[in-house]
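J.: My file is start.cif. It has mmCIF, C-alpha atoms:
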```
data_coords
loop_
_atom_site.group_PDB
_atom_site.id
_atom_site.type_symbol
_atom_site.label_atom_id
_atom_site.label_comp_id
_atom_site.auth_asym_id
_atom_site.auth_seq_id
_atom_site.Cartn_x
_atom_site.Cartn_y
_atom_site.Cartn_z
ATOM 1 C CA MET B 1 79.057 113.975 115.524
ATOM 2 C CA HIS B 2 81.160 117.122 115.240
ATOM 3 C CA LYS B 3 81.735 118.422 111.749
ATOM 4 C CA PRO B 4 85.476 118.236 110.919
ATOM 5 C CA ARG B 5 87.066 121.680 110.962
ATOM 6 C CA ARG B 6 89.210 122.743 108.069
ATOM 7 C CA SER B 7 91.231 125.968 107.888
ATOM 8 C CA THR B 8 94.714 127.239 107.131
ATOM 9 C CA PRO B 9 97.452 126.095 109.554
ATOM 10 C CA SER B 10 98.414 128.932 111.913
ATOM 11 C CA PRO B 11 101.727 130.720 111.270
ATOM 12 C CA GLN B 12 102.767 129.859 114.836
ATOM 13 C CA ALA B 13 102.080 126.111 114.443
ATOM 14 C CA GLY B 14 105.775 125.167 114.393
ATOM 15 C CA LYS B 15 106.378 126.913 117.713
ATOM 16 C CA ALA B 16 103.037 126.214 119.399
ATOM 17 C CA ILE B 17 102.864 122.422 118.903
ATOM 18 C CA GLU B 18 104.827 120.586 121.565
ATOM 19 C CA LEU B 19 105.572 116.931 122.332
ATOM 20 C CA ARG B 20 102.758 116.895 124.889
ATOM 21 C CA HIS B 21 100.302 117.691 122.091
ATOM 22 C CA LEU B 22 101.603 114.779 120.012
ATOM 23 C CA ARG B 23 101.565 112.348 122.956
ATOM 24 C CA SER B 24 97.987 113.354 123.772
ATOM 25 C CA ALA B 25 96.835 112.804 120.186
ATOM 26 C CA VAL B 26 98.573 109.422 119.868
ATOM 27 C CA ALA B 27 97.190 108.251 123.234
ATOM 28 C CA ALA B 28 93.671 109.286 122.214
ATOM 29 C CA ALA B 29 94.002 107.318 118.975
ATOM 30 C CA ASP B 30 95.279 104.242 120.829
ATOM 31 C CA CYS B 31 92.584 104.360 123.516
ATOM 32 C CA GLY B 32 89.700 105.469 121.308
ATOM 33 C CA SER B 33 88.601 108.094 123.851
ATOM 34 C CA PHE B 34 89.874 111.189 125.628
ATOM 35 C CA ARG B 35 89.028 109.679 129.008
ATOM 36 C CA GLY B 36 91.090 106.567 128.362
ATOM 37 C CA ALA B 37 93.979 108.644 127.020
ATOM 38 C CA ALA B 38 93.890 110.897 130.091
ATOM 39 C CA GLU B 39 94.055 107.846 132.370
ATOM 40 C CA LEU B 40 96.940 106.415 130.342
ATOM 41 C CA LEU B 41 98.912 109.677 130.559
ATOM 42 C CA ARG B 42 97.806 110.356 134.157
ATOM 43 C CA SER B 43 96.371 113.676 133.092
ATOM 44 C CA GLN B 44 93.094 115.503 133.582
ATOM 45 C CA GLN B 45 90.624 114.787 130.769
ATOM 46 C CA SER B 46 89.933 118.506 130.390
ATOM 47 C CA SER B 47 93.657 119.215 129.957
ATOM 48 C CA LEU B 48 94.047 116.477 127.360
ATOM 49 C CA SER B 49 90.956 117.636 125.473
ATOM 50 C CA ARG B 50 92.353 121.172 125.445
ATOM 51 C CA ARG B 51 95.663 119.957 124.003
ATOM 52 C CA ILE B 52 93.805 118.122 121.234
ATOM 53 C CA ASP B 53 91.822 121.286 120.455
ATOM 54 C CA GLU B 54 95.060 123.280 120.350
ATOM 55 C CA ILE B 55 96.854 120.997 117.913
ATOM 56 C CA GLU B 56 93.781 120.821 115.667
ATOM 57 C CA HIS B 57 93.558 124.626 115.729
ATOM 58 C CA HIS B 58 97.213 125.150 114.859
ATOM 59 C CA LEU B 59 97.190 122.497 112.106
ATOM 60 C CA GLY B 60 93.903 123.720 110.702
ATOM 61 C CA ILE B 61 92.363 120.232 110.496
ATOM 62 C CA ALA B 62 90.289 117.890 112.633
ATOM 63 C CA ILE B 63 92.413 114.981 113.793
ATOM 64 C CA PHE B 64 89.449 113.195 115.382
ATOM 65 C CA GLU B 65 85.753 112.698 114.832
ATOM 66 C CA ARG B 66 83.919 112.886 118.169
ATOM 67 C CA HIS B 67 81.008 110.528 118.757
ATOM 68 C CA SER B 68 79.079 109.195 121.728
ATOM 69 C CA GLY B 69 81.381 106.201 122.153
ATOM 70 C CA GLY B 70 84.642 108.171 122.035
ATOM 71 C CA VAL B 71 86.792 109.381 119.143
ATOM 72 C CA ARG B 72 88.226 108.006 115.920
ATOM 73 C CA PRO B 73 90.828 109.541 113.595
ATOM 74 C CA THR B 74 89.739 111.346 110.463
ATOM 75 C CA GLN B 75 91.449 110.545 107.169
ATOM 76 C CA ALA B 76 93.709 113.578 107.566
ATOM 77 C CA GLY B 77 94.147 112.694 111.235
ATOM 78 C CA ARG B 78 95.545 109.268 110.388
ATOM 79 C CA ASP B 79 98.303 110.888 108.335
ATOM 80 C CA VAL B 80 99.100 113.319 111.162
ATOM 81 C CA LEU B 81 99.134 110.541 113.764
ATOM 82 C CA ARG B 82 101.467 108.407 111.674
ATOM 83 C CA LEU B 83 103.993 111.242 111.523
ATOM 84 C CA ALA B 84 103.435 112.078 115.210
ATOM 85 C CA ARG B 85 104.418 108.529 116.146
ATOM 86 C CA THR B 86 107.587 108.868 114.071
ATOM 87 C CA ILE B 87 108.523 112.135 115.815
ATOM 88 C CA LEU B 88 107.929 110.616 119.250
ATOM 89 C CA ASP B 89 109.939 107.524 118.336
ATOM 90 C CA GLU B 90 112.875 109.681 117.248
ATOM 91 C CA PHE B 91 112.683 111.791 120.407
ATOM 92 C CA ASP B 92 112.565 108.710 122.622
ATOM 93 C CA ALA B 93 115.600 107.333 120.762
ATOM 94 C CA LEU B 94 117.423 110.594 121.532
ATOM 95 C CA ILE B 95 116.683 110.195 125.252
ATOM 96 C CA ILE B 96 117.815 106.565 125.183
ATOM 97 C CA THR B 97 121.085 107.561 123.533
ATOM 98 C CA ALA B 98 121.725 110.262 126.129
ATOM 99 C CA ARG B 99 120.996 107.909 129.018
ATOM 100 C CA SER B 100 123.217 105.251 127.487
ATOM 101 C CA ALA B 101 126.119 107.703 127.322
ATOM 102 C CA HIS B 102 125.490 108.841 130.894
ATOM 103 C CA ASN B 103 125.447 105.284 132.256
ATOM 104 C CA SER B 104 128.236 103.874 130.099
ATOM 105 C CA GLY B 105 130.574 103.818 133.083
ATOM 106 C CA ILE B 106 128.487 101.244 134.981
ATOM 107 C CA GLY B 107 127.540 99.163 131.947
ATOM 108 C CA ARG B 108 124.328 99.361 129.963
ATOM 109 C CA LEU B 109 122.555 97.227 127.377
ATOM 110 C CA THR B 110 119.692 98.473 125.218
ATOM 111 C CA VAL B 111 117.522 95.784 123.602
ATOM 112 C CA GLY B 112 114.988 96.582 120.884
ATOM 113 C CA PHE B 113 112.064 94.328 120.024
ATOM 114 C CA CYS B 114 108.636 94.329 118.387
ATOM 115 C CA THR B 115 107.014 91.326 120.056
ATOM 116 C CA SER B 116 105.311 90.683 123.375
ATOM 117 C CA LEU B 117 107.301 90.684 126.620
ATOM 118 C CA SER B 118 104.471 89.092 128.602
ATOM 119 C CA ALA B 119 105.850 85.552 128.245
ATOM 120 C CA GLY B 120 108.147 83.398 126.145
ATOM 121 C CA ASN B 121 111.845 83.269 125.337
ATOM 122 C CA LEU B 122 112.483 86.999 125.137
ATOM 123 C CA GLN B 123 111.189 87.550 128.648
ATOM 124 C CA ALA B 124 113.131 84.523 129.911
ATOM 125 C CA SER B 125 116.350 85.727 128.253
ATOM 126 C CA LEU B 126 116.118 89.212 129.741
ATOM 127 C CA LEU B 127 115.366 87.816 133.199
ATOM 128 C CA ALA B 128 118.352 85.461 132.954
ATOM 129 C CA PHE B 129 120.619 88.333 131.891
ATOM 130 C CA LYS B 130 119.503 90.514 134.812
ATOM 131 C CA GLU B 131 120.059 87.635 137.211
ATOM 132 C CA ARG B 132 123.564 86.963 135.852
ATOM 133 C CA PHE B 133 124.573 90.647 135.561
ATOM 134 C CA PRO B 134 122.550 92.674 138.107
ATOM 135 C CA GLN B 135 125.076 95.537 137.895
ATOM 136 C CA ILE B 136 124.350 96.185 134.196
ATOM 137 C CA ALA B 137 121.539 98.636 133.453
ATOM 138 C CA LEU B 138 119.078 97.008 131.048
ATOM 139 C CA ALA B 139 116.855 99.159 128.821
ATOM 140 C CA THR B 140 114.176 97.854 126.451
ATOM 141 C CA VAL B 141 112.704 99.630 123.432
ATOM 142 C CA GLU B 142 109.534 98.551 121.601
ATOM 143 C CA ARG B 143 109.098 100.256 118.245
ATOM 144 C CA SER B 144 108.216 99.428 114.653
ATOM 145 C CA ARG B 145 110.771 97.386 112.711
ATOM 146 C CA THR B 146 111.714 100.443 110.637
ATOM 147 C CA ARG B 147 112.367 102.594 113.702
ATOM 148 C CA LEU B 148 114.285 99.830 115.432
ATOM 149 C CA ALA B 149 116.520 99.391 112.391
ATOM 150 C CA ALA B 150 117.224 103.132 112.356
ATOM 151 C CA ALA B 151 118.025 103.104 116.082
ATOM 152 C CA LEU B 152 120.396 100.161 115.612
ATOM 153 C CA ARG B 153 122.121 101.929 112.740
ATOM 154 C CA ASN B 154 122.668 105.148 114.712
ATOM 155 C CA GLY B 155 123.827 103.341 117.855
ATOM 156 C CA ALA B 156 120.835 104.100 120.085
ATOM 157 C CA ILE B 157 120.157 100.353 120.444
ATOM 158 C CA ASP B 158 122.723 97.589 120.989
ATOM 159 C CA VAL B 159 120.767 94.585 119.744
ATOM 160 C CA LEU B 160 117.427 93.836 118.103
ATOM 161 C CA ILE B 161 115.296 90.730 118.664
ATOM 162 C CA VAL B 162 112.901 90.486 115.708
ATOM 163 C CA THR B 163 111.366 88.010 113.306
ATOM 164 C CA GLY B 164 112.974 87.536 109.906
ATOM 165 C CA SER B 165 115.993 89.403 108.556
ATOM 166 C CA LEU B 166 116.970 93.074 108.497
ATOM 167 C CA PRO B 167 118.216 94.680 105.268
ATOM 168 C CA LEU B 168 121.132 96.443 106.986
ATOM 169 C CA LEU B 169 124.792 96.477 106.047
ATOM 170 C CA ASP B 170 127.551 95.761 108.565
ATOM 171 C CA THR B 171 125.312 93.873 110.973
ATOM 172 C CA GLU B 172 125.667 90.417 112.485
ATOM 173 C CA GLU B 173 122.824 87.939 112.927
ATOM 174 C CA MET B 174 122.186 85.031 115.311
ATOM 175 C CA PRO B 175 119.239 82.645 114.821
ATOM 176 C CA LEU B 176 117.278 82.196 118.018
ATOM 177 C CA TRP B 177 113.920 80.560 118.743
ATOM 178 C CA SER B 178 110.646 80.178 116.883
ATOM 179 C CA GLU B 179 107.090 80.847 118.020
ATOM 180 C CA ARG B 180 103.829 79.329 116.890
ATOM 181 C CA VAL B 181 101.232 81.443 115.113
ATOM 182 C CA LEU B 182 97.901 81.456 116.956
ATOM 183 C CA VAL B 183 94.437 82.763 116.232
ATOM 184 C CA ALA B 184 92.900 84.944 118.955
ATOM 185 C CA LEU B 185 89.130 84.498 119.258
ATOM 186 C CA PRO B 186 86.240 85.597 121.450
ATOM 187 C CA HIS B 187 85.698 82.818 124.006
ATOM 188 C CA ASP B 188 82.284 81.947 122.520
ATOM 189 C CA HIS B 189 83.428 81.864 118.874
ATOM 190 C CA PRO B 190 82.618 78.582 117.044
ATOM 191 C CA LEU B 191 86.345 77.958 116.368
ATOM 192 C CA ALA B 192 87.141 78.304 120.078
ATOM 193 C CA GLY B 193 85.698 74.832 120.658
ATOM 194 C CA ARG B 194 88.436 73.189 118.575
ATOM 195 C CA GLU B 195 91.881 72.168 119.806
ATOM 196 C CA THR B 196 93.546 73.493 116.648
ATOM 197 C CA VAL B 197 92.427 75.624 113.709
ATOM 198 C CA CYS B 198 93.428 75.234 110.045
ATOM 199 C CA TRP B 199 94.134 78.224 107.830
ATOM 200 C CA THR B 200 91.230 77.239 105.600
ATOM 201 C CA ASP B 201 88.900 77.538 108.622
ATOM 202 C CA LEU B 202 89.415 81.313 108.524
ATOM 203 C CA ARG B 203 87.353 81.673 105.364
ATOM 204 C CA GLY B 204 84.451 84.049 105.945
ATOM 205 C CA GLU B 205 85.997 85.547 109.081
ATOM 206 C CA THR B 206 87.122 89.136 109.662
ATOM 207 C CA VAL B 207 90.782 89.247 110.708
ATOM 208 C CA LEU B 208 91.881 92.352 112.604
ATOM 209 C CA LEU B 209 95.560 93.270 112.263
ATOM 210 C CA SER B 210 97.619 96.146 113.584
ATOM 211 C CA HIS B 211 99.618 98.373 111.239
ATOM 212 C CA TYR B 212 102.544 97.731 113.567
ATOM 213 C CA ASP B 213 104.845 94.717 113.647
ATOM 214 C CA ALA B 214 104.230 91.904 113.280
ATOM 215 C CA GLY B 215 100.882 92.707 111.664
ATOM 216 C CA LYS B 216 102.295 93.054 108.147
ATOM 217 C CA GLU B 217 104.233 89.789 108.422
ATOM 218 C CA LEU B 218 101.156 87.960 109.683
ATOM 219 C CA GLU B 219 99.145 89.343 106.771
ATOM 220 C CA ASP B 220 101.807 88.176 104.299
ATOM 221 C CA LEU B 221 101.762 84.717 105.891
ATOM 222 C CA LEU B 222 97.968 84.524 105.647
ATOM 223 C CA ILE B 223 98.085 85.410 101.935
ATOM 224 C CA CYS B 224 100.830 82.824 101.409
ATOM 225 C CA LYS B 225 98.782 80.104 103.114
ATOM 226 C CA LEU B 226 95.533 80.974 101.314
ATOM 227 C CA LEU B 227 96.544 81.664 97.724
ATOM 228 C CA SER B 228 93.007 81.959 96.381
ATOM 229 C CA PRO B 229 91.322 85.284 97.256
ATOM 230 C CA ASP B 230 88.045 83.378 97.591
ATOM 231 C CA ASP B 231 89.512 81.362 100.475
ATOM 232 C CA ARG B 232 90.836 84.354 102.389
ATOM 233 C CA PRO B 233 89.049 86.080 105.243
ATOM 234 C CA LYS B 234 88.329 89.784 105.194
ATOM 235 C CA ILE B 235 91.342 91.712 106.542
ATOM 236 C CA GLU B 236 90.884 94.939 108.508
ATOM 237 C CA ARG B 237 94.012 96.964 109.276
ATOM 238 C CA HIS B 238 93.916 99.204 112.345
ATOM 239 C CA ASP B 239 96.338 101.962 113.317
ATOM 240 C CA VAL B 240 96.350 100.820 116.950
ATOM 241 C CA SER B 241 98.468 98.717 119.300
ATOM 242 C CA ARG B 242 98.132 94.957 119.774
ATOM 243 C CA GLY B 243 96.316 95.601 123.051
ATOM 244 C CA ILE B 244 93.610 97.629 121.317
ATOM 245 C CA VAL B 245 93.202 94.874 118.709
ATOM 246 C CA LYS B 246 92.500 92.458 121.571
ATOM 247 C CA SER B 247 89.846 94.849 122.871
ATOM 248 C CA LEU B 248 88.213 94.840 119.445
ATOM 249 C CA ILE B 249 88.210 91.020 119.436
ATOM 250 C CA SER B 250 86.483 90.937 122.827
ATOM 251 C CA MET B 251 83.838 93.249 121.310
ATOM 252 C CA HIS B 252 83.150 90.521 118.698
ATOM 253 C CA THR B 253 84.267 92.701 115.783
ATOM 254 C CA GLY B 254 86.570 89.988 114.439
ATOM 255 C CA ILE B 255 89.463 87.654 115.220
ATOM 256 C CA SER B 256 93.226 88.157 114.917
ATOM 257 C CA LEU B 257 96.554 86.413 114.373
ATOM 258 C CA VAL B 258 99.183 86.574 117.130
ATOM 259 C CA LEU B 259 102.395 84.870 118.223
ATOM 260 C CA GLU B 260 102.379 82.553 121.203
ATOM 261 C CA SER B 261 104.282 85.003 123.451
ATOM 262 C CA ASP B 262 101.117 87.162 123.335
ATOM 263 C CA MET B 263 99.313 84.530 125.388
ATOM 264 C CA GLY B 264 101.109 85.772 128.504
ATOM 265 C CA ALA B 265 99.045 88.971 128.509
ATOM 266 C CA ASN B 266 95.752 87.856 130.048
ATOM 267 C CA PHE B 267 92.758 89.475 128.395
ATOM 268 C CA ALA B 268 89.247 88.683 129.542
ATOM 269 C CA GLY B 269 87.009 86.981 127.013
ATOM 270 C CA LEU B 270 89.769 85.798 124.637
ATOM 271 C CA THR B 271 90.747 82.274 123.612
ATOM 272 C CA TYR B 272 93.878 81.250 121.678
ATOM 273 C CA ARG B 273 94.098 78.310 119.285
ATOM 274 C CA GLU B 274 97.072 76.996 117.336
ATOM 275 C CA LEU B 275 96.961 77.575 113.571
ATOM 276 C CA ARG B 276 98.019 74.560 111.550
ATOM 277 C CA ASP B 277 98.968 73.942 107.953
ATOM 278 C CA GLY B 278 98.192 70.257 107.551
ATOM 279 C CA SER B 279 99.618 68.433 110.588
ATOM 280 C CA ALA B 280 102.269 71.013 111.547
ATOM 281 C CA PRO B 281 101.880 74.350 113.333
ATOM 282 C CA SER B 282 102.830 77.554 111.518
ATOM 283 C CA ARG B 283 105.856 79.276 113.093
ATOM 284 C CA PHE B 284 107.853 82.514 112.962
ATOM 285 C CA ASP B 285 111.630 82.430 113.452
ATOM 286 C CA PHE B 286 113.314 85.036 115.662
ATOM 287 C CA SER B 287 116.897 86.273 115.396
ATOM 288 C CA ALA B 288 119.232 88.770 117.074
ATOM 289 C CA HIS B 289 120.866 91.577 115.072
ATOM 290 C CA TRP B 290 123.707 93.882 116.135
ATOM 291 C CA ARG B 291 126.342 96.115 114.560
ATOM 292 C CA ALA B 292 129.641 94.370 113.928
ATOM 293 C CA GLU B 293 131.685 97.304 115.291
ATOM 294 C CA ASN B 294 129.746 97.537 118.582
ATOM 295 C CA ASN B 295 132.286 96.683 121.286
ATOM 296 C CA ASN B 296 129.964 97.194 124.261
ATOM 297 C CA PRO B 297 131.044 94.527 126.826
ATOM 298 C CA ALA B 298 127.428 94.201 127.998
ATOM 299 C CA LEU B 299 126.392 93.304 124.442
ATOM 300 C CA GLN B 300 129.057 90.614 124.234
ATOM 301 C CA GLU B 301 127.817 89.053 127.476
ATOM 302 C CA PHE B 302 124.219 89.131 126.252
ATOM 303 C CA LEU B 303 125.167 87.482 122.960
ATOM 304 C CA LYS B 304 127.067 84.819 124.880
ATOM 305 C CA LEU B 305 123.956 84.124 126.970
ATOM 306 C CA LEU B 306 121.779 83.881 123.848
ATOM 307 C CA SER B 307 124.265 81.509 122.242
ATOM 308 C CA GLU B 308 124.216 79.268 125.318
ATOM 309 C CA ARG B 309 120.431 79.149 125.403
ATOM 310 C CA TYR B 310 119.525 78.879 121.723
ATOM 311 C CA SER B 311 122.455 77.613 119.660
ATOM 312 C CA PRO B 312 121.591 74.365 117.819
ATOM 313 C CA PRO B 313 123.274 71.194 119.129
ATOM 314 C CA PRO B 314 126.371 69.949 117.278
ATOM 315 C CA VAL B 315 125.758 67.723 114.239
ATOM 316 C CA GLY B 316 125.560 64.034 115.185
ATOM 317 C CA ARG B 317 124.173 64.551 118.655
#
```
Written as structure tokens, that's how I'd like the structure from this file.
T.:
Amino acid sequence: MHKPRRSTPSPQAGKAIELRHLRSAVAAADCGSFRGAAELLRSQQSSLSRRIDEIEHHLGIAIFERHSGGVRPTQAGRDVLRLARTILDEFDALIITARSAHNSGIGRLTVGFCTSLSAGNLQASLLAFKERFPQIALATVERSRTRLAAALRNGAIDVLIVTGSLPLLDTEEMPLWSERVLVALPHDHPLAGRETVCWTDLRGETVLLSHYDAGKELEDLLICKLLSPDDRPKIERHDVSRGIVKSLISMHTGISLVLESDMGANFAGLTYRELRDGSAPSRFDFSAHWRAENNNPALQEFLKLLSERYSPPPVGR
């Protein structure tokens, strides 16, 4: 293992560090190796490794610990990576805003979300919208809830599809669908042989959760369901994407909590089971949020489609 370097940040750090350095570091953290990050970014591994060395040199710290199996962030590296993700999110929002302005003449809708698009109602709604309005350019943005809320507030995003409520002024809300909470397990896990799993069955397990949405909400739900600390499983929080968490599950390092739309992303070696509280499944409610003053015609058509698909039936029917 390489000994973490520690020195004074270079005076040229502000000019020398570029977005490509940040994207390389974030990709390496997500993939757990320089090789995987290079494949993800379609770059040469030597070029990516050089960019990591450059940013570490200019910052004066080691972002990663190198080991035979790949890399993992240092304590200081985790703080740097968290801020790097924020910078990249803001830059991507800038690009989205510019593209939206450029394409405003032909119609454009930007939808933000922090759930899976591999299956479920969100995917179905977007497909239905594209089929009904093929002339409207549709953009999707997956970010953390905090970044999505900021993008909605500054007009970079037209509508958000998220669980729960958003603490924003001057926004409208439409209740949509709900999704079951599932437990993701290795295929040979003892709980995989059951049709359903109770929250109390998680005692003694290690639950892996992402720092990103909806990891925090799932953790809050787990604590709500298992009030006694003695009944709760061990919780490990990882600064990685949902896909990396699934890789960790397949390595038998633990289990995780997911929403049922995640089942659409096939992942070898994983099994999903419904989590129940008594006789009923646990569920998360989704809703749409948009700014009241947004007069984008494409947004109005999308809201109309959502209302047709998910509005509750009239009372008495």
J.: Compare B:Ile61, B:Leu222, B:Ala27, B:Leu81 by their minimum atom-to-atom distance to Gln45 in chain B, counting all atoms listed in the file, and give me the closest one.
T.: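 Closest to Gln45 in chain B of all the choices is B:Ala27.
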J.: Nearest residue to Ile87 in chain B out of B:Leu19, B:Leu185, B:Leu259, B:Val162, using all atoms listed in the file?
T.: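 Among the listed residues, the smallest separation from Ile87 in chain B belongs to B:Leu19.
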J.: Using only C-alpha atoms for the distances, tell me which of B:Ala37, B:Arg50, B:Met174, B:Ala93 is nearest to Arg309 in chain B.
T.: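 So, comparing all the options, the nearest one is B:Met174.
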J.: Identify all residues satisfying the PyMOL selection byres ((chain B and resi 253) around 10) in the given file; provide them as a PyMOL selection string.
T.: chain B and resi 186+205-208+245+247-252+254-255
J.: What's around Val111 in chain B at 10 Å? Count all atoms listed in the file, leave out sequence neighbours fewer than 4 positions away in its own chain, and write the answer as a list in words.
T.: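 Counting all atoms listed in the file, the residues come to Leu126, Leu138, Ala139, Thr140, Val141, Glu142, Leu148, Leu152, Ala156, Ile157, Asp158, Val159, Leu160, Ile161, Ala288, Trp290, Leu299 and Phe302 of chain B.
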J.: What lies within 10 Å of Leu88 in chain B using only C-alpha atoms, ignoring chain neighbours under 2 positions off, as a list in words?
T.: Leu19, Arg20, Leu22, Arg23, Val26, Leu83, Ala84, Arg85, Thr86, Glu90, Phe91, Asp92, Ala93 and Leu94 of chain B
J.: With C-alpha atoms retained, could you export that selection as a tab-separated table (two decimals), keeping the file's coordinate frame?
T.:
```tsv
chain	number	residue	atom	x	y	z
B	19	LEU	CA	105.57	116.93	122.33
B	20	ARG	CA	102.76	116.90	124.89
B	22	LEU	CA	101.60	114.78	120.01
B	23	ARG	CA	101.56	112.35	122.96
B	26	VAL	CA	98.57	109.42	119.87
B	83	LEU	CA	103.99	111.24	111.52
B	84	ALA	CA	103.44	112.08	115.21
B	85	ARG	CA	104.42	108.53	116.15
B	86	THR	CA	107.59	108.87	114.07
B	90	GLU	CA	112.88	109.68	117.25
B	91	PHE	CA	112.68	111.79	120.41
B	92	ASP	CA	112.56	108.71	122.62
B	93	ALA	CA	115.60	107.33	120.76
B	94	LEU	CA	117.42	110.59	121.53
```
J.: Need the axis-aligned box for range 16-35 of chain B with 3 Å each side, so what are the centre and edges in Å to one decimal, as AutoDock Vina command-line options?
T.:
```
--center_x 97.1 --center_y 115.2 --center_z 124.0 --size_x 23.0 --size_y 28.0 --size_z 16.1
```
J.: When the PyMOL selection byres ((chain B and resi 258) around 8) is applied to the file above, which residues end up in the set, as a list in words?
T.: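 Selected by the PyMOL selection byres ((chain B and resi 258) around 8) here: Val181, Leu182, Val183, Ala184, Leu218, Ser256, Leu257, Leu259, Glu260 and Asp262 of chain B.
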J.: Go ahead and compute the interatomic distance for CA of Glu18 in chain B and CA of Arg66 in chain B, in Å to one decimal.
T.: 22.5 Å
J.: CA of Arg35 in chain B to CA of Val71 in chain B: how many Å, to one decimal?
T.: 10.1 Å
J.: Name the residues captured by the PyMOL selection byres ((chain B and resi 175) around 9) when it is applied to the shown file; answer as a list in words.
T.: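 Answer for the PyMOL selection byres ((chain B and resi 175) around 9): Glu173, Met174, Leu176, Trp177, Asp285, Phe286, Ser287, Ala288, Tyr310 and Ser311 of chain B.
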J.: Would you please work out which residue, of B:Arg203, B:Arg82, B:Arg42, B:Lys15, is nearest to His58 in chain B when using only C-alpha atoms?
T.: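 Nearest to His58 in chain B: B:Lys15.
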J.: For Ser178 in chain B, which residue out of B:Lys216, B:Arg283, B:His211, B:Arg242 is the nearest one, using only C-alpha atoms?
T.: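 Looking at the shortest contact to Ser178 in chain B, the residue is B:Arg283.
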J.: Report, in Å to a single decimal, how far apart CA of Gly204 in chain B and CA of Pro233 in chain B are.
T.: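 These two atoms are separated by 5.1 Å.
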J.: Which is closer to Asn296 in chain B than all the others in B:Ala150, B:Gly107, B:Ala25, B:Leu59, using only C-alpha atoms?
T.: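 Answer, going by the shortest atom-to-atom distance: B:Gly107.
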J.: Got a sec: who's within 12 Å of Ser46 in chain B, counting all atoms listed in the file, leaving out chain neighbours fewer than 5 positions off, as a list of chain:residue names?
T.: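 So, after excluding close chain neighbours, the residues are B:Ser24, B:Phe34, B:Arg35, B:Ala37, B:Ala38, B:Glu39, B:Arg51, B:Ile52, B:Asp53.
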